[in-house]
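Here's the structure we're looking at; comments come further down.
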Amino acid sequence: MSELTRIIEACSSPDAYEHPVSDVEVHQTHISVVFLAGSSAYKVKKPVELGFLDFTTLALRRHYCHEEVRLNRRLAPDVYLGVVPIVETPDGLGVRERFDEPAAGREAVEGQAEEGEAEEGKAVEYAVKMRRLPDDARLLAWVLEGALRDYHVAVLGRRLARFHAEAHSGPEVSRWGRFETVAGNARENLDQSRAHIGTTLSATVHGRMTEALERELRRLRPLIEGRAESDVPRDTHGDLHLEHVYLFPEQEPPGDLVIIDCIEFNERFRFADPVADMAFLAMDLGFRGRRDLAEVFADAYFDAAEDVEGQGLLRFYTAYRAAVRGKVEGMAAEGPEVPEKSRRAAVRSARAHWLLALSELEPPERRPGLVLVGGLPGTGKSTLADALAIRLGLTVLSSDRTRKGLAGLDPTTSGAADFGEGIYTPEWNERTYAALVEETKQRLFDGERVIVDASFREDARRRTLLDLAAEHGVPGVFLLCDAPPEIVHAHIAGRRGGASDADWAIYEAAAERWEAPSEDTRSQLGVVSTHQTVAWSVEQALAHLAELGLVG
């Protein structure tokens, strides 16, 4: 049993603590383990070396525990209580409530003896002790519950601008904001994620990210270097995402906003342009489907900071932050001690963040996205889908062609049958949509722009694919083709060839069983009138796609 495994096992028990604890929750990242024990939280650093951090010795872990407390007290003074030892006891390992004092000078990283014979009372590890905060106060919880409002994020933007204005600055900080360091940090994300190709990002996405990144770096070099020359960089937070911000609106400022868990282990990541810091929150709001709140937050921040030129860096740093999350989640998925459920979640999150990063760096006409084109038979779904594919370079996945492929039929071969019969039974429908979902997953993983052409009669079918878009961090929309019955009748009567087998009887049967979009689906719905010219239908669709950033 490794020492880390022994510590996790011991500190997962209520018996490890000197105060009454009924149960212990354990949460892991790629670099730490957090034990939620009663009203307190204890954070232990894993003995890892990842290039950008080194926690391989006990002395280093102790030092960075103290740095974590010192730095986080800037934005959460009442949360970070101190550093406590984990010691050998006659009954095994235990957490002691006496606060450790920070070591000085070389002793901070070299002076403490390392692992050896177990000795009673000896510190075998150190933990940051924090006041436990309620999960429902996290900004992420507010977002997921739909409770976060414009004024909440506007206050956050102004507060963060003030924090940056007051933060430490000067030449020793600005050197980390120079172009070569910024470019090196961005390239490092891609270099360190090569091992994850095929798991959390595809080779295609990695290649496109590399190309787009270098293009943006060339464009922004004068601005990045100029801001460093002017000492714009600050000692920032460095890891400013929704799970690290807590909102307590019933408290008086500054207690109404608490921000925890800054980067303590590497000044290269914390000493940065303030836009690199605030971009993390903007990215995370967008990742959670709230680009509207991200815009309000950014506007409030730049207005309070009086930083007009900094707005030109926001998209680049948003992509950078998404790539950081993609890399970190990929690393988290590799830990042998990480439970399988957590591993799968980390892989999903990493994939979505990489696609978001790509979307931020590429022009609208190349950004990954998912467009569902649906409606009753004869309303022009396939015509619209094919026209959009030609206009925008999207890949069309057709339910008609997929269904016939599964049945071993040529797309133009008739498979006509009564409604719900032949290759149109519920079982065949299930097989067809399942195949569409699987191919969509793969194409989104490769960063493609996908159209799924199907009737989408049932709302559950729409939601499955729209949720798939959200899971992959790309925009998703359901374009509903709508035409009067008399127009549809004429259209169906005039069909010649094609993959569709629907006739007027099928249209009537489908219309009787059509499910109206749910409230969730309506938020991603775009109605396209298809009873006039194809060009008019395309223009309507383009307006909806422009709102998603998929059209320039």
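Starting from 1 in every chain, residues are counted up; chains themselves are A, B, ... following the order of the structure tokens, and ligands are numbered from 1 as listed.
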
Exercise. Give me the residues within 12 Å of range 221-235 of chain A as a ChimeraX atom specification, counting only C-alpha atoms and dropping any in the same chain fewer than 3 places off.
Key: /A:71-72,74,161-183,213-218,238,262-264,266-278,305,307,309-314,316-317

Quiz item: Just asking: which residues within range 385-451 of chain A are alpha helix (DSSP H) according to DSSP, as a count of residues only?
Solution: 36

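One distance worth recording is that between CA of Glu3 in chain A and CA of Glu125 in chain A, which is 9.5 Å.
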
Quiz item: Running DSSP on the backbone, which parts of range 317-413 of chain A land in strand (DSSP E or B), as a list in words?
Solution: Gly369, Leu370, Val371, Leu372, Val373, Gly374, Thr395, Val396, Leu397 and Ser398 of chain A

Could the residues in this selection be saved with C-alpha atoms as a PDB file, in the first residue's frame?
ATOM      1  CA  GLY A 369     -21.378  22.565 -33.448  1.00  0.00           C
ATOM      2  CA  LEU A 370     -24.513  20.439 -33.752  1.00  0.00           C
ATOM      3  CA  VAL A 371     -27.578  21.365 -35.776  1.00  0.00           C
ATOM      4  CA  LEU A 372     -30.715  19.229 -35.644  1.00  0.00           C
ATOM      5  CA  VAL A 373     -33.009  19.718 -38.640  1.00  0.00           C
ATOM      6  CA  GLY A 374     -36.414  18.196 -37.956  1.00  0.00           C
ATOM      7  CA  THR A 395     -21.470  17.040 -42.284  1.00  0.00           C
ATOM      8  CA  VAL A 396     -25.014  15.703 -42.767  1.00  0.00           C
ATOM      9  CA  LEU A 397     -26.133  12.576 -40.911  1.00  0.00           C
ATOM     10  CA  SER A 398     -29.505  11.477 -42.295  1.00  0.00           C
TER      11      SER A 398
END

Quiz item: Quick one: residues within 10 Å of range 129-140 of chain A, only C-alpha atoms counted, chain neighbours fewer than 2 positions away excluded, as JSON, numbers by chain?
Solution: {"A": [34, 35, 36, 37, 38, 39, 40, 41, 42, 43, 44, 65, 69, 78, 79, 80, 81, 82, 83, 84, 85, 97, 99, 126, 127, 142, 143, 144, 145, 146, 147, 148, 152, 153, 241, 242, 243, 244, 245, 246, 247, 248, 249, 257, 258, 259, 260, 284, 285, 288]}

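Our summary of the geometry notes that CA of Leu479 in chain A is positioned 17.3 Å from CA of Tyr433 in chain A.
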
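The space between CA of Leu465 in chain A and CA of Ala345 in chain A spans 18.3 Å.
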
Set out as a Markdown table a contact list for range 443-485 of chain A and range 525-544 of chain A with a cut-off of 10 Å, giving each residue of range 443-485 of chain A that qualifies its closest atom pair and distance in Å to one decimal, counting only C-alpha atoms, ordered by chain and rising residue number.
| residue | atom | partner | partner_atom | distance |
| --- | --- | --- | --- | --- |
| A:Gly476 | CA | A:Leu525 | CA | 9.4 |
| A:Val477 | CA | A:Leu525 | CA | 6.0 |
| A:Phe478 | CA | A:Leu525 | CA | 4.9 |
| A:Leu479 | CA | A:Gly526 | CA | 4.8 |
| A:Leu480 | CA | A:Val527 | CA | 4.8 |
| A:Cys481 | CA | A:Val528 | CA | 5.0 |
| A:Asp482 | CA | A:Ser529 | CA | 5.0 |
| A:Ala483 | CA | A:His531 | CA | 5.0 |
| A:Pro484 | CA | A:His531 | CA | 7.1 |
| A:Pro485 | CA | A:His531 | CA | 9.8 |

Self-check item: Residue nearest Gly393 in chain A - candidates A:Lys341, A:Gly473, A:Val551, A:Arg187, atoms counted: only C-alpha atoms
Solution: A:Val551

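For the residues A:Leu550, A:Ala460, A:Leu190, A:Leu240, ranking by smallest atom-to-atom distance to Ala516 in chain A using only C-alpha atoms places A:Ala460 first.
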
Exercise. Do a neighbour search on Pro364 in chain A at 10 Å with only C-alpha atoms, toss out local chain neighbours closer than 5 positions, and write the hits as an NGL selection string.
Key: :A and (359 or 369 or 392 or 545-546 or 548-552)

Can I get the residues of range 190-209 of chain A within 10 Å of range 440-451 of chain A, each with the closest pair of atoms and their distance in Å to one decimal, using only C-alpha atoms, sorted chain first then ascending number, as a Markdown table?
| residue | atom | partner | partner_atom | distance |
| --- | --- | --- | --- | --- |
| A:Gly198 | CA | A:Phe445 | CA | 9.3 |
| A:Thr199 | CA | A:Phe445 | CA | 9.6 |
| A:Thr200 | CA | A:Phe445 | CA | 8.5 |
| A:Leu201 | CA | A:Phe445 | CA | 6.8 |
| A:Ser202 | CA | A:Asp446 | CA | 5.6 |
| A:Ala203 | CA | A:Asp446 | CA | 7.8 |
| A:Thr204 | CA | A:Asp446 | CA | 5.9 |
| A:Val205 | CA | A:Gly447 | CA | 5.9 |
| A:His206 | CA | A:Asp446 | CA | 9.3 |
| A:Arg208 | CA | A:Gly447 | CA | 8.9 |

Exercise. With a distance cut-off of 12 Å and only C-alpha atoms, select the neighbouring residues of Val324 in chain A, excluding the residue or stretch itself and same-chain residues fewer than 4 positions from it, and output the selection as a PyMOL selection string.
Key: chain A and resi 52+185-193+238-241+269+276+279-280+283-284+317-320+328-331+349-354+356-357

For the residues in that selection, give me N, CA and C atoms as a short mmCIF file (atom, residue, chain, number, x, y, z; two decimals), in the first residue's frame.
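Once everything was written out, this is selection06.cif:
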data_model
loop_
_atom_site.label_atom_id
_atom_site.label_comp_id
_atom_site.auth_asym_id
_atom_site.auth_seq_id
_atom_site.Cartn_x
_atom_site.Cartn_y
_atom_site.Cartn_z
N PHE A 52 4.86 21.37 -14.10
CA PHE A 52 4.49 22.70 -13.63
C PHE A 52 4.35 22.77 -12.11
N ASN A 185 3.27 28.92 -21.84
CA ASN A 185 2.19 28.32 -21.06
C ASN A 185 1.13 27.71 -21.96
N ALA A 186 0.75 28.45 -23.01
CA ALA A 186 -0.29 27.96 -23.92
C ALA A 186 0.18 26.73 -24.68
N ARG A 187 1.40 26.74 -25.14
CA ARG A 187 1.94 25.58 -25.87
C ARG A 187 2.09 24.38 -24.96
N GLU A 188 2.42 24.64 -23.70
CA GLU A 188 2.62 23.55 -22.74
C GLU A 188 1.34 22.72 -22.58
N ASN A 189 0.19 23.39 -22.60
CA ASN A 189 -1.06 22.64 -22.49
C ASN A 189 -1.17 21.58 -23.58
N LEU A 190 -0.81 21.96 -24.79
CA LEU A 190 -0.88 21.02 -25.91
C LEU A 190 0.20 19.96 -25.82
N ASP A 191 1.41 20.37 -25.43
CA ASP A 191 2.49 19.40 -25.31
C ASP A 191 2.18 18.35 -24.25
N GLN A 192 1.67 18.78 -23.11
CA GLN A 192 1.40 17.85 -22.02
C GLN A 192 0.15 17.01 -22.25
N SER A 193 -0.61 17.34 -23.27
CA SER A 193 -1.84 16.58 -23.56
C SER A 193 -1.67 15.63 -24.74
N GLY A 238 -5.52 32.81 -10.36
CA GLY A 238 -4.93 31.77 -11.18
C GLY A 238 -5.79 30.57 -11.48
N ASP A 239 -6.88 30.38 -10.74
CA ASP A 239 -7.72 29.20 -10.98
C ASP A 239 -9.18 29.57 -10.71
N LEU A 240 -9.62 30.60 -11.35
CA LEU A 240 -10.86 31.28 -10.98
C LEU A 240 -12.05 30.70 -11.76
N HIS A 241 -12.54 29.55 -11.33
CA HIS A 241 -13.73 29.00 -11.99
C HIS A 241 -14.90 28.89 -11.01
N PHE A 269 1.98 30.64 -13.22
CA PHE A 269 0.56 30.57 -13.54
C PHE A 269 -0.24 31.66 -12.82
N ALA A 276 -6.20 37.24 -18.14
CA ALA A 276 -6.03 35.78 -18.08
C ALA A 276 -6.74 35.20 -16.87
N ALA A 279 -10.76 35.67 -17.35
CA ALA A 279 -11.23 34.85 -18.47
C ALA A 279 -11.65 33.46 -18.03
N PHE A 280 -11.09 33.00 -16.91
CA PHE A 280 -11.45 31.66 -16.42
C PHE A 280 -12.94 31.63 -16.06
N MET A 283 -15.02 31.88 -19.23
CA MET A 283 -15.03 30.58 -19.90
C MET A 283 -15.98 29.62 -19.22
N ASP A 284 -15.92 29.56 -17.89
CA ASP A 284 -16.72 28.59 -17.16
C ASP A 284 -18.22 28.88 -17.28
N TYR A 317 -7.56 34.27 -24.06
CA TYR A 317 -7.39 33.73 -22.72
C TYR A 317 -8.54 32.81 -22.32
N THR A 318 -9.72 33.00 -22.90
CA THR A 318 -10.81 32.06 -22.66
C THR A 318 -10.43 30.69 -23.23
N ALA A 319 -9.86 30.69 -24.44
CA ALA A 319 -9.40 29.43 -25.03
C ALA A 319 -8.30 28.81 -24.19
N TYR A 320 -7.38 29.64 -23.70
CA TYR A 320 -6.30 29.14 -22.86
C TYR A 320 -6.84 28.47 -21.61
N VAL A 328 -6.01 19.42 -17.37
CA VAL A 328 -6.11 19.02 -15.97
C VAL A 328 -7.08 17.86 -15.80
N GLU A 329 -8.23 17.93 -16.46
CA GLU A 329 -9.20 16.84 -16.35
C GLU A 329 -8.64 15.56 -16.96
N GLY A 330 -7.86 15.69 -18.03
CA GLY A 330 -7.21 14.51 -18.61
C GLY A 330 -6.23 13.88 -17.65
N MET A 331 -5.50 14.71 -16.93
CA MET A 331 -4.57 14.18 -15.93
C MET A 331 -5.32 13.53 -14.77
N SER A 349 -15.54 15.78 -19.27
CA SER A 349 -15.27 17.20 -19.06
C SER A 349 -14.06 17.65 -19.88
N ALA A 350 -13.02 16.84 -19.93
CA ALA A 350 -11.83 17.19 -20.70
C ALA A 350 -12.17 17.34 -22.18
N ARG A 351 -12.93 16.40 -22.72
CA ARG A 351 -13.30 16.48 -24.14
C ARG A 351 -14.06 17.77 -24.45
N ALA A 352 -14.99 18.09 -23.60
CA ALA A 352 -15.80 19.29 -23.82
C ALA A 352 -14.95 20.55 -23.74
N HIS A 353 -14.02 20.59 -22.81
CA HIS A 353 -13.19 21.78 -22.67
C HIS A 353 -12.25 21.96 -23.86
N TRP A 354 -11.74 20.87 -24.40
CA TRP A 354 -10.88 20.98 -25.58
C TRP A 354 -11.67 21.52 -26.78
N LEU A 356 -14.31 23.42 -26.60
CA LEU A 356 -14.59 24.83 -26.32
C LEU A 356 -13.36 25.67 -26.64
N ALA A 357 -12.19 25.19 -26.26
CA ALA A 357 -10.96 25.92 -26.56
C ALA A 357 -10.79 26.11 -28.07
#
